[in-house]
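run_3.txt follows; it contains compact mmCIF, C-alpha atoms.
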# COMPACT_ATOMS: atom_id res chain seq x y z
CA MET A 1 15.09 13.57 -12.44
CA PRO A 2 16.81 10.26 -13.12
CA HIS A 3 18.63 10.08 -16.43
CA SER A 4 17.83 7.55 -19.17
CA LEU A 5 19.33 4.13 -18.48
CA LYS A 6 20.56 1.81 -21.23
CA LYS A 7 20.11 -1.95 -21.05
CA LEU A 8 22.86 -3.30 -18.83
CA LYS A 9 25.11 -6.26 -19.57
CA LEU A 10 25.89 -7.56 -16.10
CA GLU A 11 28.95 -9.31 -14.76
CA GLY A 12 26.73 -11.76 -12.87
CA PHE A 13 23.39 -11.91 -11.06
CA ASN A 14 21.50 -8.64 -10.53
CA ASN A 15 22.09 -7.94 -6.82
CA LEU A 16 19.83 -4.90 -6.49
CA THR A 17 17.17 -5.19 -3.80
CA LYS A 18 13.86 -3.42 -4.45
CA THR A 19 11.43 -3.01 -1.59
CA LEU A 20 7.85 -1.71 -1.65
CA SER A 21 6.28 -0.83 1.70
CA PHE A 22 2.55 -0.44 1.23
CA ASN A 23 0.26 0.77 4.04
CA ILE A 24 -3.52 1.04 3.80
CA TYR A 25 -6.00 2.55 6.23
CA ASP A 26 -9.75 1.93 6.44
CA VAL A 27 -11.70 4.33 8.67
CA CYS A 28 -15.15 3.76 10.16
CA TYR A 29 -17.55 5.34 12.67
CA ALA A 30 -19.35 2.99 15.05
CA ASP A 31 -21.58 4.68 17.64
CA SER A 32 -21.68 2.24 20.56
CA ALA A 33 -19.23 -0.16 22.20
CA GLU A 34 -21.22 -3.05 20.74
CA GLN A 35 -21.02 -1.57 17.23
CA ARG A 36 -17.28 -0.96 17.56
CA ALA A 37 -16.76 -4.54 18.71
CA ALA A 38 -18.86 -5.75 15.78
CA TYR A 39 -16.79 -3.68 13.33
CA ILE A 40 -13.50 -5.03 14.69
CA GLU A 41 -14.90 -8.57 14.47
CA TYR A 42 -16.05 -7.95 10.89
CA ILE A 43 -12.75 -6.45 9.70
CA ASP A 44 -10.76 -9.14 11.51
CA GLU A 45 -12.70 -11.82 9.64
CA ALA A 46 -12.57 -9.99 6.30
CA TYR A 47 -8.77 -9.74 6.55
CA ASN A 48 -7.94 -12.95 8.37
CA ALA A 49 -4.77 -14.93 7.70
CA GLU A 50 -6.49 -17.16 5.12
CA ARG A 51 -7.68 -14.27 2.95
CA LEU A 52 -4.39 -12.42 3.29
CA THR A 53 -2.56 -15.55 2.21
CA GLY A 54 -4.74 -15.59 -0.91
CA ILE A 55 -3.90 -11.94 -1.65
CA LEU A 56 -0.16 -12.52 -1.27
CA THR A 57 -0.39 -15.66 -3.40
CA ASP A 58 -1.92 -13.51 -6.14
CA VAL A 59 0.96 -11.01 -5.73
CA ALA A 60 3.49 -13.81 -6.13
CA GLU A 61 1.68 -14.99 -9.27
CA ILE A 62 1.63 -11.47 -10.73
CA ILE A 63 5.39 -11.01 -10.36
CA GLY A 64 6.11 -14.58 -11.45
CA ALA A 65 7.56 -15.88 -8.17
CA ASN A 66 7.85 -19.40 -6.80
CA ILE A 67 6.47 -19.63 -3.25
CA LEU A 68 8.96 -21.55 -1.11
CA ASN A 69 7.34 -21.24 2.32
CA ILE A 70 4.27 -19.69 3.95
CA ALA A 71 3.84 -18.80 7.62
CA HIS A 72 0.50 -17.32 8.72
CA GLN A 73 -1.14 -16.54 12.03
CA ASP A 74 -4.38 -15.03 13.36
CA TYR A 75 -4.02 -13.24 16.71
CA ASP A 76 -6.19 -12.93 19.80
CA PRO A 77 -7.99 -10.57 20.25
CA GLN A 78 -7.45 -9.35 16.66
CA GLY A 79 -5.01 -8.99 13.79
CA ALA A 80 -3.19 -11.38 11.48
CA SER A 81 0.22 -11.87 9.84
CA VAL A 82 1.45 -13.72 6.77
CA THR A 83 5.04 -14.16 5.58
CA MET A 84 6.08 -15.77 2.27
CA LEU A 85 9.56 -16.67 1.13
CA ILE A 86 9.78 -16.54 -2.66
CA SER A 87 12.36 -17.34 -5.32
CA GLU A 88 12.91 -16.61 -8.99
CA GLU A 89 11.11 -18.30 -11.87
CA PRO A 90 13.36 -20.03 -14.43
CA ILE A 91 12.52 -17.70 -17.32
CA ALA A 92 14.37 -15.82 -20.03
CA ALA A 93 15.69 -12.44 -18.88
CA GLU A 94 14.68 -10.76 -22.12
CA LEU A 95 11.02 -11.24 -21.20
CA LEU A 96 11.35 -8.98 -18.16
CA SER A 97 10.24 -5.37 -18.15
CA ASN A 98 10.80 -2.48 -15.73
CA THR A 99 8.62 -0.07 -17.69
CA ALA A 100 6.95 2.54 -15.46
CA SER A 101 3.37 1.52 -16.14
CA PRO A 102 0.50 0.05 -14.09
CA GLY A 103 0.82 -3.62 -13.22
CA PRO A 104 -1.83 -6.23 -14.03
CA LEU A 105 -5.10 -6.92 -12.31
CA PRO A 106 -3.90 -9.69 -12.21
CA ASP A 107 -2.71 -10.93 -15.63
CA ALA A 108 0.30 -13.23 -15.79
CA VAL A 109 3.60 -11.37 -15.56
CA VAL A 110 7.09 -12.87 -15.42
CA ALA A 111 9.80 -11.88 -12.96
CA HIS A 112 13.31 -12.70 -11.78
CA LEU A 113 13.54 -13.14 -8.02
CA ASP A 114 15.88 -14.67 -5.46
CA LYS A 115 16.13 -14.51 -1.66
CA SER A 116 12.97 -12.44 -1.56
CA HIS A 117 9.88 -12.20 0.60
CA ILE A 118 6.35 -10.83 0.93
CA THR A 119 4.81 -9.99 4.30
CA VAL A 120 1.55 -8.55 5.63
CA HIS A 121 0.47 -7.53 9.14
CA THR A 122 -2.91 -6.08 10.18
CA TYR A 123 -3.78 -3.71 13.02
CA PRO A 124 -7.51 -3.17 13.78
CA GLU A 125 -8.20 -0.66 16.58
CA SER A 126 -10.91 1.69 17.84
CA ASN A 127 -11.24 4.88 19.87
CA PRO A 128 -13.98 4.51 22.53
CA GLN A 129 -14.09 8.31 23.09
CA THR A 130 -14.93 9.30 19.52
CA GLY A 131 -16.42 6.14 18.01
CA ILE A 132 -13.77 6.12 15.26
CA SER A 133 -12.33 2.72 14.34
CA THR A 134 -9.29 2.38 12.10
CA PHE A 135 -7.96 -0.69 10.31
CA ARG A 136 -4.36 -0.68 9.06
CA ALA A 137 -2.60 -3.26 6.92
CA ASP A 138 1.15 -3.15 6.25
CA ILE A 139 2.48 -5.06 3.24
CA ASP A 140 6.14 -5.37 2.24
CA VAL A 141 7.21 -6.85 -1.10
CA SER A 142 10.98 -7.23 -1.39
CA THR A 143 12.63 -8.64 -4.51
CA CYS A 144 16.16 -9.29 -5.74
CA GLY A 145 16.72 -9.24 -9.49
CA ARG A 146 15.52 -7.17 -12.43
CA ILE A 147 11.83 -6.83 -11.76
CA SER A 148 10.39 -4.19 -9.42
CA PRO A 149 7.71 -5.11 -6.83
CA LEU A 150 5.83 -2.04 -8.10
CA ARG A 151 4.38 -4.44 -10.70
CA ALA A 152 2.08 -5.71 -7.92
CA LEU A 153 1.00 -2.28 -6.70
CA ASN A 154 -2.01 -1.84 -8.96
CA TYR A 155 -3.43 -5.19 -7.85
CA LEU A 156 -2.88 -4.46 -4.14
CA ILE A 157 -4.72 -1.14 -4.27
CA HIS A 158 -7.74 -2.82 -5.86
CA ALA A 159 -7.62 -5.89 -3.59
CA LEU A 160 -7.45 -3.74 -0.43
CA GLU A 161 -9.96 -0.95 -0.97
CA SER A 162 -8.94 1.79 1.43
CA ASP A 163 -9.36 5.43 2.40
CA VAL A 164 -5.68 6.32 2.79
CA VAL A 165 -2.71 4.64 1.11
CA ILE A 166 0.93 5.36 1.97
CA MET A 167 3.70 3.82 -0.15
CA ASP A 168 7.49 3.77 0.01
CA TYR A 169 9.74 2.28 -2.66
CA ARG A 170 13.49 1.94 -2.26
CA VAL A 171 16.26 0.43 -4.40
CA ARG A 172 19.23 -0.75 -2.32
CA GLY A 173 22.67 -2.14 -2.99
CA PHE A 174 24.34 -2.25 -6.39
CA THR A 175 25.08 -4.58 -9.27
CA ARG A 176 28.12 -4.57 -11.59
CA ASP A 177 28.37 -4.54 -15.35
CA VAL A 178 30.98 -6.54 -17.28
CA ARG A 179 33.46 -3.66 -16.89
CA GLY A 180 33.12 -3.70 -13.11
CA ARG A 181 31.19 -0.42 -12.93
CA LYS A 182 28.60 -0.27 -10.15
CA HIS A 183 24.95 0.45 -11.00
CA PHE A 184 22.73 1.54 -8.11
CA ILE A 185 19.47 1.39 -10.09
CA ASP A 186 18.55 -0.48 -13.26
CA HIS A 187 15.28 1.16 -14.32
CA ASN A 188 13.86 4.63 -14.89
CA ILE A 189 11.46 5.85 -12.22
CA SER A 190 10.32 9.37 -11.43
CA SER A 191 7.27 8.56 -9.28
CA ILE A 192 5.35 5.61 -7.85
CA GLN A 193 2.31 7.22 -9.50
CA ASN A 194 3.56 6.03 -12.90
CA TYR A 195 2.64 2.49 -11.84
CA LEU A 196 -0.95 3.33 -10.93
CA SER A 197 -3.93 2.81 -13.22
CA ARG A 198 -6.04 5.73 -14.44
CA ASP A 199 -9.07 4.81 -12.30
CA THR A 200 -6.89 4.89 -9.17
CA LYS A 201 -5.49 8.31 -10.08
CA ASP A 202 -9.02 9.59 -10.63
CA ARG A 203 -10.21 8.38 -7.21
CA TYR A 204 -7.33 9.60 -5.03
CA GLN A 205 -5.63 12.86 -4.19
CA MET A 206 -1.85 12.18 -4.25
CA VAL A 207 1.35 13.76 -2.94
CA ASP A 208 4.95 12.72 -3.71
CA VAL A 209 8.07 13.16 -1.60
CA ASN A 210 10.99 11.69 -3.59
CA VAL A 211 14.76 11.70 -2.99
CA TYR A 212 16.11 10.76 -6.42
CA GLN A 213 19.77 10.86 -5.35
CA GLU A 214 19.07 8.12 -2.78
CA ASN A 215 16.64 6.10 -4.95
CA LEU A 216 13.86 6.73 -2.41
CA PHE A 217 10.29 7.27 -3.59
CA HIS A 218 7.29 8.10 -1.40
CA THR A 219 3.64 8.58 -2.40
CA LYS A 220 0.60 9.02 -0.19
CA MET A 221 -3.02 9.05 -1.31
CA VAL A 222 -6.42 9.87 0.17
CA LEU A 223 -9.82 9.44 -1.45
CA LYS A 224 -11.01 12.61 -3.19
CA HIS A 225 -14.71 12.28 -2.49
CA PHE A 226 -16.34 11.92 0.93
CA ARG A 227 -19.68 10.12 1.29
CA LEU A 228 -20.71 9.69 4.92
CA ASP A 229 -22.59 6.40 4.40
CA ASP A 230 -19.33 4.79 3.28
CA TYR A 231 -17.90 5.36 6.77
CA LEU A 232 -20.84 4.35 8.96
CA PHE A 233 -21.21 0.90 10.53
CA CYS A 234 -24.65 -0.36 11.61
CA ILE A 235 -26.21 3.08 11.01
CA GLN A 236 -27.14 5.21 7.98
CA ALA A 237 -26.66 8.91 7.35
CA GLN A 238 -30.38 9.42 6.70
CA ASP A 239 -31.14 8.35 10.28
CA LEU A 240 -28.92 11.06 11.77
CA GLY A 241 -30.02 14.52 12.79
CA GLU A 242 -28.33 17.48 11.12
CA ARG A 243 -26.15 18.25 14.13
CA GLU A 244 -25.06 14.64 14.58
CA HIS A 245 -24.43 14.34 10.84
CA LYS A 246 -22.03 17.30 10.95
CA ARG A 247 -20.31 16.09 14.14
CA ILE A 248 -19.57 12.62 12.79
CA GLN A 249 -18.48 13.98 9.41
CA LYS A 250 -16.06 16.35 11.17
CA LEU A 251 -14.61 13.48 13.24
CA LEU A 252 -14.07 11.33 10.17
CA ARG A 253 -12.49 14.11 8.13
CA ARG A 254 -10.11 14.85 11.01
CA GLU A 255 -9.12 11.18 11.24
CA LEU A 256 -8.42 10.95 7.50
CA THR A 257 -6.47 14.22 7.49
CA GLU A 258 -4.31 13.26 10.48
CA ILE A 259 -3.49 9.86 8.97
CA PHE A 260 -2.66 11.46 5.61
CA TYR A 261 -0.33 14.07 7.13
CA GLY A 262 1.01 11.76 9.83
CA ARG A 263 0.45 14.12 12.75
CA ASN A 264 -2.20 15.38 15.17
CA LEU A 265 -3.84 18.62 14.07
CA ALA A 266 -4.93 21.64 16.07
CA ARG A 267 -8.65 21.67 16.81
CA ASN A 268 -9.32 24.86 14.86
CA LEU A 269 -7.72 23.72 11.59
CA GLU A 270 -9.81 23.08 8.50
CA TYR A 271 -9.65 19.52 7.14
CA MET A 272 -8.88 18.47 3.61
CA GLY A 273 -11.85 18.34 1.26
CA CYS A 274 -11.79 14.58 0.88

Final structure tokens representation of the file:
Amino acid sequence: MPHSLKKLKLEGFNNLTKTLSFNIYDVCYADSAEQRAAYIEYIDEAYNAERLTGILTDVAEIIGANILNIAHQDYDPQGASVTMLISEEPIAAELLSNTASPGPLPDAVVAHLDKSHITVHTYPESNPQTGISTFRADIDVSTCGRISPLRALNYLIHALESDVVIMDYRVRGFTRDVRGRKHFIDHNISSIQNYLSRDTKDRYQMVDVNVYQENLFHTKMVLKHFRLDDYLFCIQAQDLGEREHKRIQKLLRRELTEIFYGRNLARNLEYMGC
């Protein structure tokens, strides 16, 4: 576990780079080709470049960043991307906090940023053989300075309701104190989970894989409770026969389990009780 860190008196600007890679997955079952096309059209509109720009603008506000430039694009046939260049706010350093606690939703928070960026890319796709459609959004928040992009994590999870969430946080580089000693991290962190709100922890099953010596932190989450109607598009569970109900539920559980573990599973394996 990382040891307790005292407040640093730096030789100059804090040159540590902190990057949060945040991936969400939304899974759906659509029975026919028309329903799958309708789902992709719906999700593509719900997460178009305009809405994603709004979400990233909120992230910048939460961490107290100035937005310098925005580039956004919707793609044909589907998908969207947004990239923001951000810089530090002219604020007093003593107001900053790296406390391992959930970020706002979204209350005003100050930050110290320079040469930083926020990006998002979306990837809607469907499987015509099984009827499963999966939407993925990748968000990267990279900051230079004292504040950690984990301050925006709580907001992102609530803004992008999802079935599976996979997060990586890494601190890179080093900064020097007034004696010339290098510091490779400037805040205590034992888990990304420390930055999540209680309601999120109650809703998701979580697993950590952390490499403390390398300042690498990884957390993945999947919803604890499975309700079939939440995964059906254009149909309802009550309209399905018992056999079809079980078949679709099995397909969806397999999809969620394979995404969570990041590999294809043997056909005879039991799926997680999500």

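Atom to atom, CA of Asp140 in chain A and CA of Thr122 in chain A stand 12.1 Å apart.
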
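Using only C-alpha atoms, the nearest neighbour of Arg176 in chain A within the list A:Ser32, A:Asn15, A:Thr83, A:Gln213 is A:Asn15.
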
### Residues within 9 Å of His183 in chain A, all atoms listed in the file, excluding chain neighbours under 5 positions, as an MDAnalysis selection string
chainID A and resid 8 16 173:177

#### Entry: Using all atoms listed in the file: which of A:Asn154, A:Arg227, A:Ala38, A:Gly241 has the shortest distance to Asp199 in chain A
A:Asn154

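Take CA of Asn69 in chain A and CA of Ala137 in chain A: the distance between them is 21.1 Å.
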
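Atom pair CA of Phe233 in chain A / CA of Thr134 in chain A: separated by 12.1 Å.
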
Local residues around (-13.8, -4.7, 17.9), at most 8 Å away, using all atoms listed in the file, as an mmCIF file with C-alpha atoms, in the frame of the given file:
data_model
loop_
_atom_site.group_PDB
_atom_site.id
_atom_site.type_symbol
_atom_site.label_atom_id
_atom_site.label_comp_id
_atom_site.auth_asym_id
_atom_site.auth_seq_id
_atom_site.Cartn_x
_atom_site.Cartn_y
_atom_site.Cartn_z
ATOM 1 C CA GLN A 35 -21.020 -1.570 17.230
ATOM 2 C CA ARG A 36 -17.280 -0.960 17.560
ATOM 3 C CA ALA A 37 -16.760 -4.540 18.710
ATOM 4 C CA ALA A 38 -18.860 -5.750 15.780
ATOM 5 C CA TYR A 39 -16.790 -3.680 13.330
ATOM 6 C CA ILE A 40 -13.500 -5.030 14.690
ATOM 7 C CA GLU A 41 -14.900 -8.570 14.470
ATOM 8 C CA GLN A 78 -7.450 -9.350 16.660
ATOM 9 C CA PRO A 124 -7.510 -3.170 13.780
ATOM 10 C CA GLU A 125 -8.200 -0.660 16.580
ATOM 11 C CA SER A 126 -10.910 1.690 17.840
#

### Among listed residues A:Leu216, A:Ala152, A:Cys234, A:Val171, nearest Asp31 in chain A (using only C-alpha atoms)
A:Cys234
